[in-house]
Amino acid sequence: MNLDQALQTFFAESRELLDAMEAMLLAMSQECDPETVNAVFRAAHTIKGSAGLFGLDPVVAFTHVVESVLDEVREGRVAVDDALVALLLKCSDHIRALVDAVEADANQLDPELAARGEPLLAQLRRHLAPAARQALVERDESAAFQRMANRNHEHDPWHISVRFGRDVLRNGMDPLSFIRYLGTLGTITDIVTVHDAMPTAEAMDPESCYLGFEIAFKSKADKAAIESVFDFVLDDCTLRIVPPRSRIEEFIALIDSLPLESARLGEMLVRCGTVTAHELEAALNAQKLAVGQPLPLIGDVLMEQESVAAPVVAAALEKQKRVRESKAQESQSVRVDADKLDRLINLVGELIIASAGANLIARKARNVELQEANSVLSALVEDVRDSALQLRMVKIGATFSRFQRVVHDVSRELGKDIQLVVSGEDAELDKTVVEKIGDPLMHLVRNAIDHGIDSPELRAQRGKPPIGTVRLNAYHDSGSIVIEVGDDGGGLNREKIMAKALERGLVEPGKTLSDAEIYGLVFEPGFSTAEAVTNLSGRGVGMDVVKRNIVALRGSVSIASVPEQGTTVTVRLPLTLAIINGFQIGVGKAVFVVPLDMVDECVEFTAEGDHDYTDLRGQVLPFIRLRELFEVTGSASARPNIVVVKHAGQKFGLVVDTLLGEAQTVIKPLSKMFAQVRGISGSSILGSGDVALILDVPALMQRAGTPVHAKGRLAGVVSSV
């Protein structure tokens, strides 16, 4: 049994429990019900009990005090208020820091980190009754005395386990003479005689030896010197030597090698002082829990000796019970390394490209059987692609839940009463997108709290509820996920933004801009209308970074605002950054790909003249001539088509020569040389080995309906790729 794996599971489960604990504490600040309090208590109790199993004393000691306060709350002796919730949230953060610290180095805790916990402990103890407070003090003093006693050891002992063979006495050897000779190399601090192999009186042979010894031995001698003591009986005995400060796995291996005596041997190891009760208990229980077996007898032995507290073993039993009850669920889920998933997606992408090449060869060969076999293969590859992508899809709700704490802390720092309303938390998107969108969303939420929500006095003047609201919403639309961050504050000041833009030279004097264009100025680097710099904002740094990070994810961001009613920032992101269903179109010899989810329909091109719009069933449809935009050479098609695409509720057209149909598209990033090119979001390799460019629909939509002022700007991309 690899205890490192069990420890990693403990760390992961502890963080999940701390996340749940934080969410429940935030719920307690709104409405405190007994079930929520019990759930918080159980989370703290489980973390403490599991940490105790692994001998992580810093986590146990701090969490025990938190658990004691929560127990007082459960019993109704301590009332829940904002101050207590804030304290418990800080304690949750400190437990998380302790878990991180022991994961980095379980043997040495940063003194500074321990010192940061002392003020929290002092505040926690004020909520305890005198008797409970005294019990904690006595417990701490006992632990301190034990640590001092441990430090007073000159050095840790070797542990020697020896079982003499049956014929030792017949061969003229005296077992005790070897023990006495061992004493000349050092000090035998403890010795336990083992005679479990002794048969009944009727079956006993007086000339046979049934003795064994467990020895704690302090010496500066090396292992070879100690082993040489038993040279004359090495063939007639079983000898195991465990060096000082060995990993606990060494002692577990010793116990496993003598299964008939495991309970007593564990007791002897503790008695000899070569291993602590906590270390041994943690190792044995972790080993047994991992294979779903009952706790070993050593747990009972140690409890009887008061070497291990009953709650520690009780926690292990409770955890074992949960393991048994959840076996069905465990068989349905498995933890997988993110790197392995990424590797799988990359391989699936290469498989799609290879499949497209095989499909092209099959069509050229005009072999019906080959085409049918390739069709089946393509369908299976598509299923594998969907399944692989689904593995990386996660719900956005986990990211949204992080902001409950942000709203709670920042609103109190600013003296505002704000609630967070979340919807659409079940919407799924790629794990990579979720990881990279967290920071931009964090800034947008903090911005909504600081700039968006108006002061309580101003809200009262405007007849608004005293509690401000920040909204987070997510939903799917046209192959993208849309995330909205809104507030019911005072809205953006159009005139103030325009004045600041004129002052900085971002807008030419006299130029008329739409509301969307003016609000979009807040994403300019260094732009800020804040009158004072605070800890949260005012330096003009942040919104430009938000937009840059979102654009890097092939997304877009926009702002809508109504004066005195609020502001909504809308972020659109692709569901995945790896593989999409694409619709291939041709312009001359160049092939382009449009995300299939954005394609609404295809119609014949019937526009006349030089204008860039047409009539689509009574509606004006602006379009872009890709041949002109990319300056594609060669003669145009006699019967061009318009691909009608939709984005953010709007439609526009792409004029193309040919429609090539649907195809799975593996997204490959462009080189840094083309990173700033607008209108292209990536590339893909076709079955023929040629490169197709993936169109950036949001960027092209901004060009729709207006003349192309910079012809040829993108032409170099088509010719270079």
# chains A, B, ... in the order shown; residues from 1 in each chain; ligands from 1
>>> select_by_dssp(residues="segment 536-705 of chain A", states="strand (DSSP E)", output="MDAnalysis selection string")
chainID A and resid 556:562 566:574 579:587 590:595 599:604 613:616 619:625 641:647 650:656 658:666 680:685 691:695
>>> residues_around(residues="Ile685 of chain A", least_positions_apart="5", cutoff="10 Å", atoms="only C-alpha atoms", output="list in words")
Glu350, Ile352, Ile353, Ala354, Ala356, Gly357, Thr665, Val666, Ile667, Lys668, Asp690, Val691, Ala692 and Leu693 of chain A
>>> closest_atom_pairs(of="segment 12-58 of chain A", to="segment 105-127 of chain A", cutoff="12 Å", atoms="only C-alpha atoms", output="Markdown table")
| residue | atom | partner | partner_atom | distance |
| --- | --- | --- | --- | --- |
| A:Ala51 | CA | A:Ala106 | CA | 11.1 |
| A:Phe54 | CA | A:Ala106 | CA | 9.8 |
| A:Gly55 | CA | A:Ala106 | CA | 9.1 |
| A:Leu56 | CA | A:Ala106 | CA | 7.0 |
| A:Asp57 | CA | A:Ala106 | CA | 9.4 |
| A:Pro58 | CA | A:Leu109 | CA | 7.8 |
>>> atom_distance(atom1="atom CA of Ile624 of chain A", atom2="atom CA of Val655 of chain A")
6.1 Å
>>> residues_around(residues="Leu596 of chain A", least_positions_apart="3", cutoff="12 Å", atoms="only C-alpha atoms", output="MDAnalysis selection string")
chainID A and resid 478:480 579:585 593 599:602 643:647 661:665 694:695 697
>>> closest_residue(among="A:Thr238, A:Ala201, A:Arg572, A:Ala101", to="Arg166 of chain A", atoms="only C-alpha atoms")
A:Thr238
>>> residues_around(residues="segment 15-22 of chain A", least_positions_apart="5", cutoff="12 Å", atoms="only C-alpha atoms", output="tab-separated table (two decimals) with N, CA and C atoms, in the first residue's frame")
chain	number	residue	atom	x	y	z
A	8	GLN	N	-2.57	11.86	-0.79
A	8	GLN	CA	-3.06	12.74	-1.86
A	8	GLN	C	-4.58	12.75	-1.90
A	9	THR	N	-5.18	11.60	-1.64
A	9	THR	CA	-6.64	11.54	-1.57
A	9	THR	C	-7.16	12.38	-0.41
A	10	PHE	N	-6.45	12.32	0.73
A	10	PHE	CA	-6.84	13.14	1.88
A	10	PHE	C	-6.78	14.62	1.53
A	27	ALA	N	-23.88	30.60	3.63
A	27	ALA	CA	-25.33	30.42	3.75
A	27	ALA	C	-25.79	30.74	5.17
A	28	MET	N	-24.97	30.41	6.16
A	28	MET	CA	-25.31	30.71	7.56
A	28	MET	C	-25.41	32.20	7.80
A	29	SER	N	-24.63	32.99	7.05
A	29	SER	CA	-24.70	34.45	7.23
A	29	SER	C	-26.03	35.02	6.77
A	36	THR	N	-27.66	23.23	8.43
A	36	THR	CA	-26.44	23.84	7.88
A	36	THR	C	-25.33	23.83	8.92
A	37	VAL	N	-25.67	24.16	10.17
A	37	VAL	CA	-24.67	24.13	11.25
A	37	VAL	C	-24.10	22.73	11.40
A	38	ASN	N	-24.96	21.72	11.38
A	38	ASN	CA	-24.50	20.34	11.51
A	38	ASN	C	-23.58	19.96	10.34
A	39	ALA	N	-23.92	20.45	9.14
A	39	ALA	CA	-23.10	20.13	7.97
A	39	ALA	C	-21.71	20.75	8.10
A	40	VAL	N	-21.64	21.99	8.59
A	40	VAL	CA	-20.34	22.64	8.80
A	40	VAL	C	-19.55	21.88	9.86
A	41	PHE	N	-20.22	21.48	10.93
A	41	PHE	CA	-19.55	20.73	11.99
A	41	PHE	C	-19.00	19.41	11.45
A	42	ARG	N	-19.81	18.71	10.65
A	42	ARG	CA	-19.36	17.42	10.11
A	42	ARG	C	-18.15	17.60	9.20
A	43	ALA	N	-18.14	18.70	8.42
A	43	ALA	CA	-16.98	18.94	7.55
A	43	ALA	C	-15.71	19.14	8.38
A	44	ALA	N	-15.80	19.97	9.42
A	44	ALA	CA	-14.63	20.19	10.28
A	44	ALA	C	-14.21	18.91	10.99
A	45	HIS	N	-15.20	18.15	11.47
A	45	HIS	CA	-14.92	16.91	12.18
A	45	HIS	C	-14.22	15.89	11.27
A	46	THR	N	-14.70	15.80	10.03
A	46	THR	CA	-14.10	14.85	9.09
A	46	THR	C	-12.67	15.22	8.75
A	47	ILE	N	-12.44	16.52	8.54
A	47	ILE	CA	-11.07	16.96	8.24
A	47	ILE	C	-10.15	16.65	9.42
A	48	LYS	N	-10.62	16.96	10.64
A	48	LYS	CA	-9.79	16.71	11.82
A	48	LYS	C	-9.52	15.21	11.99
A	50	SER	N	-9.63	12.75	9.74
A	50	SER	CA	-8.77	12.22	8.68
A	50	SER	C	-7.33	12.67	8.87
A	63	THR	N	-7.99	22.54	13.88
A	63	THR	CA	-9.36	22.19	13.52
A	63	THR	C	-10.15	21.73	14.74
A	66	VAL	N	-11.77	24.75	16.21
A	66	VAL	CA	-12.90	25.15	15.36
A	66	VAL	C	-14.09	24.22	15.58
A	70	LEU	N	-17.94	25.06	16.92
A	70	LEU	CA	-19.11	24.65	16.15
A	70	LEU	C	-20.02	23.74	16.97
A	85	VAL	N	-19.37	34.30	11.79
A	85	VAL	CA	-19.23	33.74	10.44
A	85	VAL	C	-17.93	34.21	9.81
A	86	ALA	N	-17.61	35.51	9.96
A	86	ALA	CA	-16.36	36.03	9.40
A	86	ALA	C	-15.16	35.35	10.03
A	87	LEU	N	-15.22	35.09	11.34
A	87	LEU	CA	-14.12	34.40	12.03
A	87	LEU	C	-13.97	32.98	11.51
A	88	LEU	N	-15.09	32.27	11.37
A	88	LEU	CA	-15.03	30.88	10.89
A	88	LEU	C	-14.54	30.81	9.45
A	89	LEU	N	-14.88	31.82	8.64
A	89	LEU	CA	-14.36	31.85	7.27
A	89	LEU	C	-12.85	32.02	7.27
A	90	LYS	N	-12.34	32.88	8.15
A	90	LYS	CA	-10.89	33.04	8.26
A	90	LYS	C	-10.24	31.74	8.74
A	91	CYS	N	-10.91	31.06	9.66
A	91	CYS	CA	-10.39	29.77	10.15
A	91	CYS	C	-10.37	28.74	9.02
A	92	SER	N	-11.41	28.76	8.18
A	92	SER	CA	-11.43	27.86	7.02
A	92	SER	C	-10.25	28.13	6.10
A	93	ASP	N	-9.95	29.41	5.88
A	93	ASP	CA	-8.78	29.76	5.06
A	93	ASP	C	-7.49	29.26	5.70
A	94	HIS	N	-7.41	29.37	7.04
A	94	HIS	CA	-6.18	28.93	7.71
A	94	HIS	C	-6.04	27.41	7.66
A	95	ILE	N	-7.13	26.69	7.78
A	95	ILE	CA	-7.06	25.23	7.65
A	95	ILE	C	-6.57	24.86	6.26
A	96	ARG	N	-7.07	25.58	5.25
A	96	ARG	CA	-6.62	25.32	3.88
A	96	ARG	C	-5.12	25.58	3.75
A	97	ALA	N	-4.65	26.66	4.39
A	97	ALA	CA	-3.21	26.96	4.35
A	97	ALA	C	-2.41	25.87	5.06
A	98	LEU	N	-2.94	25.35	6.17
A	98	LEU	CA	-2.26	24.27	6.88
A	98	LEU	C	-2.19	23.00	6.03
A	99	VAL	N	-3.29	22.69	5.35
A	99	VAL	CA	-3.31	21.52	4.47
A	99	VAL	C	-2.28	21.67	3.37
A	100	ASP	N	-2.21	22.87	2.78
A	100	ASP	CA	-1.21	23.12	1.74
A	100	ASP	C	0.20	22.97	2.30
A	103	GLU	N	1.09	19.36	2.98
A	103	GLU	CA	1.29	18.66	1.70
A	103	GLU	C	2.69	18.93	1.16
A	398	ALA	N	-19.11	25.45	-10.31
A	398	ALA	CA	-17.98	25.40	-9.38
A	398	ALA	C	-17.21	26.71	-9.38
A	399	THR	N	-17.09	27.34	-10.56
A	399	THR	CA	-16.43	28.64	-10.65
A	399	THR	C	-17.29	29.73	-10.03
A	401	SER	N	-19.41	29.48	-7.62
A	401	SER	CA	-19.49	29.38	-6.16
A	401	SER	C	-18.34	30.10	-5.47
A	402	ARG	N	-17.20	30.25	-6.17
A	402	ARG	CA	-16.06	30.96	-5.58
A	402	ARG	C	-16.39	32.41	-5.26
A	403	PHE	N	-17.33	32.99	-6.01
A	403	PHE	CA	-17.58	34.41	-5.89
A	403	PHE	C	-18.51	34.75	-4.73
A	404	GLN	N	-19.14	33.74	-4.14
A	404	GLN	CA	-19.94	34.01	-2.95
A	404	GLN	C	-19.05	34.61	-1.86
A	405	ARG	N	-17.88	34.04	-1.69
A	405	ARG	CA	-16.95	34.54	-0.67
A	405	ARG	C	-16.44	35.93	-1.05
A	406	VAL	N	-16.17	36.15	-2.33
A	406	VAL	CA	-15.68	37.46	-2.78
A	406	VAL	C	-16.70	38.54	-2.47
A	408	HIS	N	-19.10	38.44	-0.27
A	408	HIS	CA	-19.25	38.56	1.18
A	408	HIS	C	-18.15	39.44	1.77
>>> decode(residues="segment 374-498 of chain A", atoms="C-alpha atoms", output="compact mmCIF listing (two decimals), in the first residue's frame")
# COMPACT_ATOMS: atom_id res chain seq x y z
CA ASN A 374 -14.39 4.38 -44.02
CA SER A 375 -17.89 5.73 -43.37
CA VAL A 376 -18.24 3.40 -40.39
CA LEU A 377 -14.78 4.42 -39.19
CA SER A 378 -15.64 8.11 -39.47
CA ALA A 379 -18.81 7.60 -37.43
CA LEU A 380 -16.85 5.79 -34.71
CA VAL A 381 -14.18 8.50 -34.69
CA GLU A 382 -16.93 11.09 -34.26
CA ASP A 383 -18.33 9.15 -31.29
CA VAL A 384 -14.86 8.89 -29.75
CA ARG A 385 -14.41 12.64 -30.26
CA ASP A 386 -17.70 13.46 -28.55
CA SER A 387 -16.93 11.15 -25.64
CA ALA A 388 -13.41 12.51 -25.22
CA LEU A 389 -14.62 16.11 -25.26
CA GLN A 390 -17.36 15.26 -22.78
CA LEU A 391 -14.70 14.09 -20.33
CA ARG A 392 -13.30 17.62 -20.28
CA MET A 393 -16.66 19.33 -19.88
CA VAL A 394 -17.31 20.70 -16.39
CA LYS A 395 -20.11 22.78 -14.94
CA ILE A 396 -19.55 26.50 -14.55
CA GLY A 397 -21.24 26.35 -11.13
CA ALA A 398 -17.98 25.40 -9.38
CA THR A 399 -16.43 28.64 -10.65
CA PHE A 400 -19.50 30.69 -9.74
CA SER A 401 -19.49 29.38 -6.16
CA ARG A 402 -16.06 30.96 -5.58
CA PHE A 403 -17.58 34.41 -5.89
CA GLN A 404 -19.94 34.01 -2.95
CA ARG A 405 -16.95 34.54 -0.67
CA VAL A 406 -15.68 37.46 -2.78
CA VAL A 407 -19.02 39.25 -2.56
CA HIS A 408 -19.25 38.56 1.18
CA ASP A 409 -15.77 39.92 1.99
CA VAL A 410 -15.52 42.84 -0.43
CA SER A 411 -19.02 44.17 0.26
CA ARG A 412 -18.24 44.33 3.97
CA GLU A 413 -14.92 46.00 3.26
CA LEU A 414 -16.77 48.70 1.30
CA GLY A 415 -19.63 49.01 3.78
CA LYS A 416 -22.23 47.80 1.29
CA ASP A 417 -24.92 45.15 1.72
CA ILE A 418 -24.76 42.99 -1.41
CA GLN A 419 -26.15 39.61 -2.37
CA LEU A 420 -24.98 37.36 -5.20
CA VAL A 421 -27.67 35.74 -7.34
CA VAL A 422 -26.45 32.82 -9.46
CA SER A 423 -28.27 31.11 -12.32
CA GLY A 424 -27.28 28.73 -15.09
CA GLU A 425 -24.67 27.02 -12.92
CA ASP A 426 -25.35 23.70 -14.72
CA ALA A 427 -24.08 25.05 -18.05
CA GLU A 428 -21.01 23.07 -19.15
CA LEU A 429 -17.86 24.10 -20.98
CA ASP A 430 -14.31 22.88 -21.48
CA LYS A 431 -12.16 22.50 -18.38
CA THR A 432 -9.42 24.60 -19.93
CA VAL A 433 -11.82 27.46 -20.58
CA VAL A 434 -13.12 27.26 -17.00
CA GLU A 435 -9.60 27.49 -15.59
CA LYS A 436 -8.66 30.49 -17.71
CA ILE A 437 -11.91 32.46 -17.27
CA GLY A 438 -11.75 32.47 -13.46
CA ASP A 439 -9.51 35.55 -13.10
CA PRO A 440 -11.38 37.73 -15.65
CA LEU A 441 -14.68 36.90 -13.97
CA MET A 442 -13.16 37.68 -10.58
CA HIS A 443 -12.23 41.16 -11.78
CA LEU A 444 -15.69 41.75 -13.30
CA VAL A 445 -17.41 40.72 -10.05
CA ARG A 446 -15.18 42.96 -7.93
CA ASN A 447 -15.72 45.78 -10.40
CA ALA A 448 -19.49 45.35 -10.12
CA ILE A 449 -19.25 45.54 -6.34
CA ASP A 450 -16.95 48.58 -6.28
CA HIS A 451 -18.12 50.65 -9.26
CA GLY A 452 -21.52 49.15 -10.00
CA ILE A 453 -23.46 48.93 -6.75
CA ASP A 454 -24.19 52.40 -5.42
CA SER A 455 -23.90 53.41 -1.77
CA PRO A 456 -26.75 52.61 0.67
CA GLU A 457 -27.61 56.33 0.93
CA LEU A 458 -27.83 56.74 -2.85
CA ARG A 459 -29.91 53.58 -3.20
CA ALA A 460 -32.35 54.95 -0.64
CA GLN A 461 -32.62 58.23 -2.60
CA ARG A 462 -33.35 56.33 -5.82
CA GLY A 463 -35.97 54.13 -4.15
CA LYS A 464 -33.95 50.92 -4.56
CA PRO A 465 -33.89 48.00 -2.09
CA PRO A 466 -31.19 48.45 0.58
CA ILE A 467 -29.52 45.20 -0.51
CA GLY A 468 -27.68 45.50 -3.80
CA THR A 469 -27.60 42.56 -6.20
CA VAL A 470 -24.79 41.18 -8.33
CA ARG A 471 -25.95 38.58 -10.85
CA LEU A 472 -24.03 35.75 -12.46
CA ASN A 473 -25.77 33.90 -15.27
CA ALA A 474 -24.60 31.36 -17.85
CA TYR A 475 -26.31 29.79 -20.85
CA HIS A 476 -25.51 28.20 -24.20
CA ASP A 477 -26.08 30.08 -27.45
CA SER A 478 -25.01 29.14 -30.99
CA GLY A 479 -22.18 26.85 -29.94
CA SER A 480 -20.88 29.28 -27.35
CA ILE A 481 -21.35 29.78 -23.66
CA VAL A 482 -22.55 33.19 -22.59
CA ILE A 483 -21.66 34.45 -19.11
CA GLU A 484 -23.34 37.58 -17.81
CA VAL A 485 -22.07 39.63 -14.87
CA GLY A 486 -24.71 42.21 -13.93
CA ASP A 487 -25.59 44.58 -11.12
CA ASP A 488 -28.53 46.77 -10.15
CA GLY A 489 -26.33 49.80 -9.43
CA GLY A 490 -26.17 53.25 -10.91
CA GLY A 491 -25.04 52.23 -14.40
CA LEU A 492 -22.23 53.72 -16.47
CA ASN A 493 -21.96 57.48 -16.91
CA ARG A 494 -21.92 57.93 -20.69
CA GLU A 495 -20.86 61.58 -20.61
CA LYS A 496 -18.10 60.96 -18.08
CA ILE A 497 -16.64 58.12 -20.14
CA MET A 498 -16.77 60.24 -23.30
